[in-house]
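S.K.: I have a structure I would like to understand better, so I am pasting it below and will then ask my questions one at a time.
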Amino acid sequence: MSDLRETPLYELHVALGAKMVSFAGYAMPVQYPMGVMKEHIHTREKAGLFDVSHMGQVILQGDDYAQAALALETLVPVDVLGLPEGRQRYGFFTNDQGGIMDDLMLANRGDHIYVVVNAGCKAADIAHMQDGLDGIRVTEITDRALLALQGPAAERVLSTLNPAVADMRFMDVATHDLNGAECWISRSGYTGEDGFEISVPVGDAKALAEALLAHEDVAPIGLGARDSLRLESGLCLYGHDIDAETTPVEAALTWAIQKVRRTGGERAGGFPGSAVILEALTQGATRKRVGLLPQGRAPMREGVPLFADEQGGSQIGKITSGGFGPTVGHPIALGYVGADYTAHGTILYGELRGKRLPLTVAPLPFNPPNFKR
């Protein structure tokens, strides 16, 4: 793995006995000696520490926040201008066909916008912003690591380093000192649990991680459990459940398009693919992302074709993510099906090794969220 990039916590992962794998050009821990199943349960019951330093951290700065916000709104179907200072919002870049180029988090930090993008799309996203945001300085932050502390004990653990974090609500952002380091903190994450994402100077990252891991409720968690946690929470993984050929309406992400950017809103449209997306918001999509529960104990994974009938008939969809849900105790999956098959309780069939096995369309998320509102 010598050609892979390393995060500032690489040596700590190795010291902790992590199994390292290639992920988005980085050497990343997929699991630790505890194992994926126990890491997953530990995060749901206590607190897990994730290294997400491979993700892109970007600052957008204009003459003021409003200038940067209005510029960014030409690339995303999200209300950036109306986002209050100290708050964060989920969004996505769209292309001219209405497809999702990447999903992201954006925050109003007073005089600038702080954006976090996926590792695999980082270079393309930064180029996209540099090309598309006239008069806005686009700066990739390369001197900070990114950690995520997730789970019901996260607030109690982080409060031992700074009690002020307990006052933060879901999607708040703030700057606080942690373990002697100036950290940019958001109360968010991608597990469905309460928790925090922490941007910390590279030189302080290892000491902060060790300080958190010293707490009896905290364990290091790898990519394996990160994936099963987000799947149970019904959250999309870019490149699997959403991609450049999937619209936000098909992906059931319409909640992330605020009223002000929709038809009839003050700043309706004006983003790539807006005609396609706004029409789909009104007319509906021909296919949609749904939750799926395979009947039995065998997981159905990405790529499994879906049918309406046990025998014969045309393919009506496919699974985009699937596996075993350790918290819910049975196989779960996400997939796309034709609009006629999205009703909860609908029985479909996944073709596995030439045999069609039943699964049920189910509401999302599979595991209820545990955010602090």
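Residues are referred to by chain and number: the chain letter is A, B, ... according to the order shown in the structure tokens, the number counts from 1 in that chain, and ligands are numbered separately from 1 in the order shown.
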Kindly provide the residues of segment 96-166 of chain A that approach segment 246-250 of chain A to within 7 Å, each paired with its closest atom pair and their distance in Å to one decimal, based on only C-alpha atoms, listed by chain and increasing number, as JSON lines.

M.R.:
{"residue": "A:Gly98", "atom": "CA", "partner": "A:Thr247", "partner_atom": "CA", "distance": 5.4}
{"residue": "A:Gly99", "atom": "CA", "partner": "A:Thr247", "partner_atom": "CA", "distance": 4.5}
{"residue": "A:Ile100", "atom": "CA", "partner": "A:Thr247", "partner_atom": "CA", "distance": 6.0}

S.K.: Take the residues from that selection and put them in a file with all heavy atoms, as a CSV table (one decimal), in the first residue's frame.

M.R.:
chain,number,residue,atom,x,y,z
A,98,GLY,N,-29.4,16.8,-13.9
A,98,GLY,CA,-30.0,16.6,-12.6
A,98,GLY,C,-29.5,15.6,-11.7
A,98,GLY,O,-30.0,15.3,-10.6
A,99,GLY,N,-28.4,14.9,-12.2
A,99,GLY,CA,-27.7,13.9,-11.4
A,99,GLY,C,-26.9,14.5,-10.3
A,99,GLY,O,-26.5,15.7,-10.3
A,100,ILE,N,-26.5,13.6,-9.3
A,100,ILE,CA,-25.8,14.1,-8.1
A,100,ILE,C,-24.3,13.8,-8.3
A,100,ILE,O,-23.8,12.7,-8.5
A,100,ILE,CB,-26.2,13.3,-6.9
A,100,ILE,CG1,-27.7,13.6,-6.6
A,100,ILE,CG2,-25.4,13.7,-5.6
A,100,ILE,CD1,-28.4,12.8,-5.5

S.K.: Going by DSSP on the backbone, which residues of segment 211-325 of chain A come out as strand (DSSP E or B)? List them as an NGL selection string.

M.R.: :A and (218-220 or 238 or 242 or 287-294 or 305-307 or 315-325)

S.K.: Keeping C-alpha atoms, export the residues of the selection given above as a short mmCIF file (atom, residue, chain, number, x, y, z; two decimals), in the first residue's frame.

M.R.:
data_model
loop_
_atom_site.label_atom_id
_atom_site.label_comp_id
_atom_site.auth_asym_id
_atom_site.auth_seq_id
_atom_site.Cartn_x
_atom_site.Cartn_y
_atom_site.Cartn_z
CA VAL A 218 -14.66 5.01 23.43
CA ALA A 219 -13.36 2.44 20.93
CA PRO A 220 -11.73 2.95 17.51
CA TYR A 238 -21.88 8.16 -2.84
CA ILE A 242 -26.34 8.01 -5.40
CA ARG A 287 -37.97 5.15 -9.99
CA LYS A 288 -37.16 5.71 -6.34
CA ARG A 289 -34.75 4.62 -3.60
CA VAL A 290 -36.42 2.41 -1.00
CA GLY A 291 -35.58 0.33 2.04
CA LEU A 292 -35.64 -3.43 1.54
CA LEU A 293 -35.85 -6.31 4.01
CA PRO A 294 -34.70 -9.67 2.63
CA PRO A 305 -31.40 -7.45 -9.62
CA LEU A 306 -34.98 -7.02 -8.39
CA PHE A 307 -38.17 -8.45 -9.90
CA GLN A 315 -36.20 -6.53 -13.96
CA ILE A 316 -37.79 -3.61 -12.08
CA GLY A 317 -34.82 -2.42 -10.06
CA LYS A 318 -31.60 -3.34 -8.25
CA ILE A 319 -29.97 -3.25 -4.85
CA THR A 320 -27.34 -0.52 -4.35
CA SER A 321 -26.25 -1.33 -0.76
CA GLY A 322 -26.91 -4.37 1.36
CA GLY A 323 -25.67 -6.37 4.29
CA PHE A 324 -26.49 -7.53 7.80
CA GLY A 325 -27.79 -4.95 10.29
#

S.K.: Could you make a table, as JSON lines, of the residues of segment 7-75 of chain A that have an atom within 8 Å of an atom of segment 142-153 of chain A, each with its nearest atom pair and distance in Å to one decimal, counting only C-alpha atoms, in chain and number order?

M.R.:
{"residue": "A:Thr7", "atom": "CA", "partner": "A:Ala145", "partner_atom": "CA", "distance": 7.5}
{"residue": "A:Pro8", "atom": "CA", "partner": "A:Ala145", "partner_atom": "CA", "distance": 6.7}
{"residue": "A:Thr43", "atom": "CA", "partner": "A:Gly151", "partner_atom": "CA", "distance": 5.0}
{"residue": "A:Arg44", "atom": "CA", "partner": "A:Gly151", "partner_atom": "CA", "distance": 5.5}
{"residue": "A:Glu45", "atom": "CA", "partner": "A:Pro152", "partner_atom": "CA", "distance": 6.4}
{"residue": "A:Lys46", "atom": "CA", "partner": "A:Ala153", "partner_atom": "CA", "distance": 4.9}
{"residue": "A:Ala47", "atom": "CA", "partner": "A:Gly151", "partner_atom": "CA", "distance": 4.2}
{"residue": "A:Gly48", "atom": "CA", "partner": "A:Gln150", "partner_atom": "CA", "distance": 5.3}
{"residue": "A:Leu49", "atom": "CA", "partner": "A:Leu149", "partner_atom": "CA", "distance": 4.7}
{"residue": "A:Phe50", "atom": "CA", "partner": "A:Ala148", "partner_atom": "CA", "distance": 5.0}
{"residue": "A:Asp51", "atom": "CA", "partner": "A:Leu147", "partner_atom": "CA", "distance": 4.9}
{"residue": "A:Val52", "atom": "CA", "partner": "A:Leu146", "partner_atom": "CA", "distance": 5.3}
{"residue": "A:Ser53", "atom": "CA", "partner": "A:Leu146", "partner_atom": "CA", "distance": 4.3}
{"residue": "A:His54", "atom": "CA", "partner": "A:Leu146", "partner_atom": "CA", "distance": 7.9}
{"residue": "A:Met55", "atom": "CA", "partner": "A:Leu146", "partner_atom": "CA", "distance": 7.7}
{"residue": "A:Gln57", "atom": "CA", "partner": "A:Thr142", "partner_atom": "CA", "distance": 7.6}

S.K.: With only C-alpha atoms as the atoms that count, which of A:Ala280, A:Ala268, A:Ala225, A:Ala256 lies nearest to Glu39 of chain A?

M.R.: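 For Glu39 of chain A, the nearest of the candidates is A:Ala225.
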
S.K.: What's the separation between atom CA of Ile347 of chain A and atom CA of Ala308 of chain A, in Å to one decimal place?

M.R.: 7.4 Å

S.K.: Of the candidates A:Gln311, A:Gln295, A:Thr327, A:Thr342, which one gets nearest to Pro358 of chain A if we count only C-alpha atoms?

M.R.: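 Ranked by minimum distance to Pro358 of chain A, first place goes to A:Gln295.
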
S.K.: Calculate how many Å separate atom CA of Asp167 of chain A from atom CA of Arg187 of chain A, rounding to one decimal.

M.R.: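 These two atoms are separated by 10.1 Å.
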
S.K.: Residues within 12 Å of Ala181 of chain A, please, as a list in words. Count only C-alpha atoms; anything in the same chain fewer than 2 positions from it doesn't count.

M.R.: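 Near Ala181 of chain A, the qualifying residues are Arg144, Ala145, Leu161, Asn162, Thr175, His176, Asp177, Leu178, Asn179, Cys183, Trp184, Ile185, Ile198, Ser199, Val200, Pro201, Val202, Gly203, Asp204, Ala205, Lys206, Ala207, Leu208, Ala209 and Ala211 of chain A.
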
S.K.: Rounded to one decimal place, report the atom CA of Leu213 of chain A-atom CA of Leu16 of chain A distance in Å.

M.R.: 10.6 Å
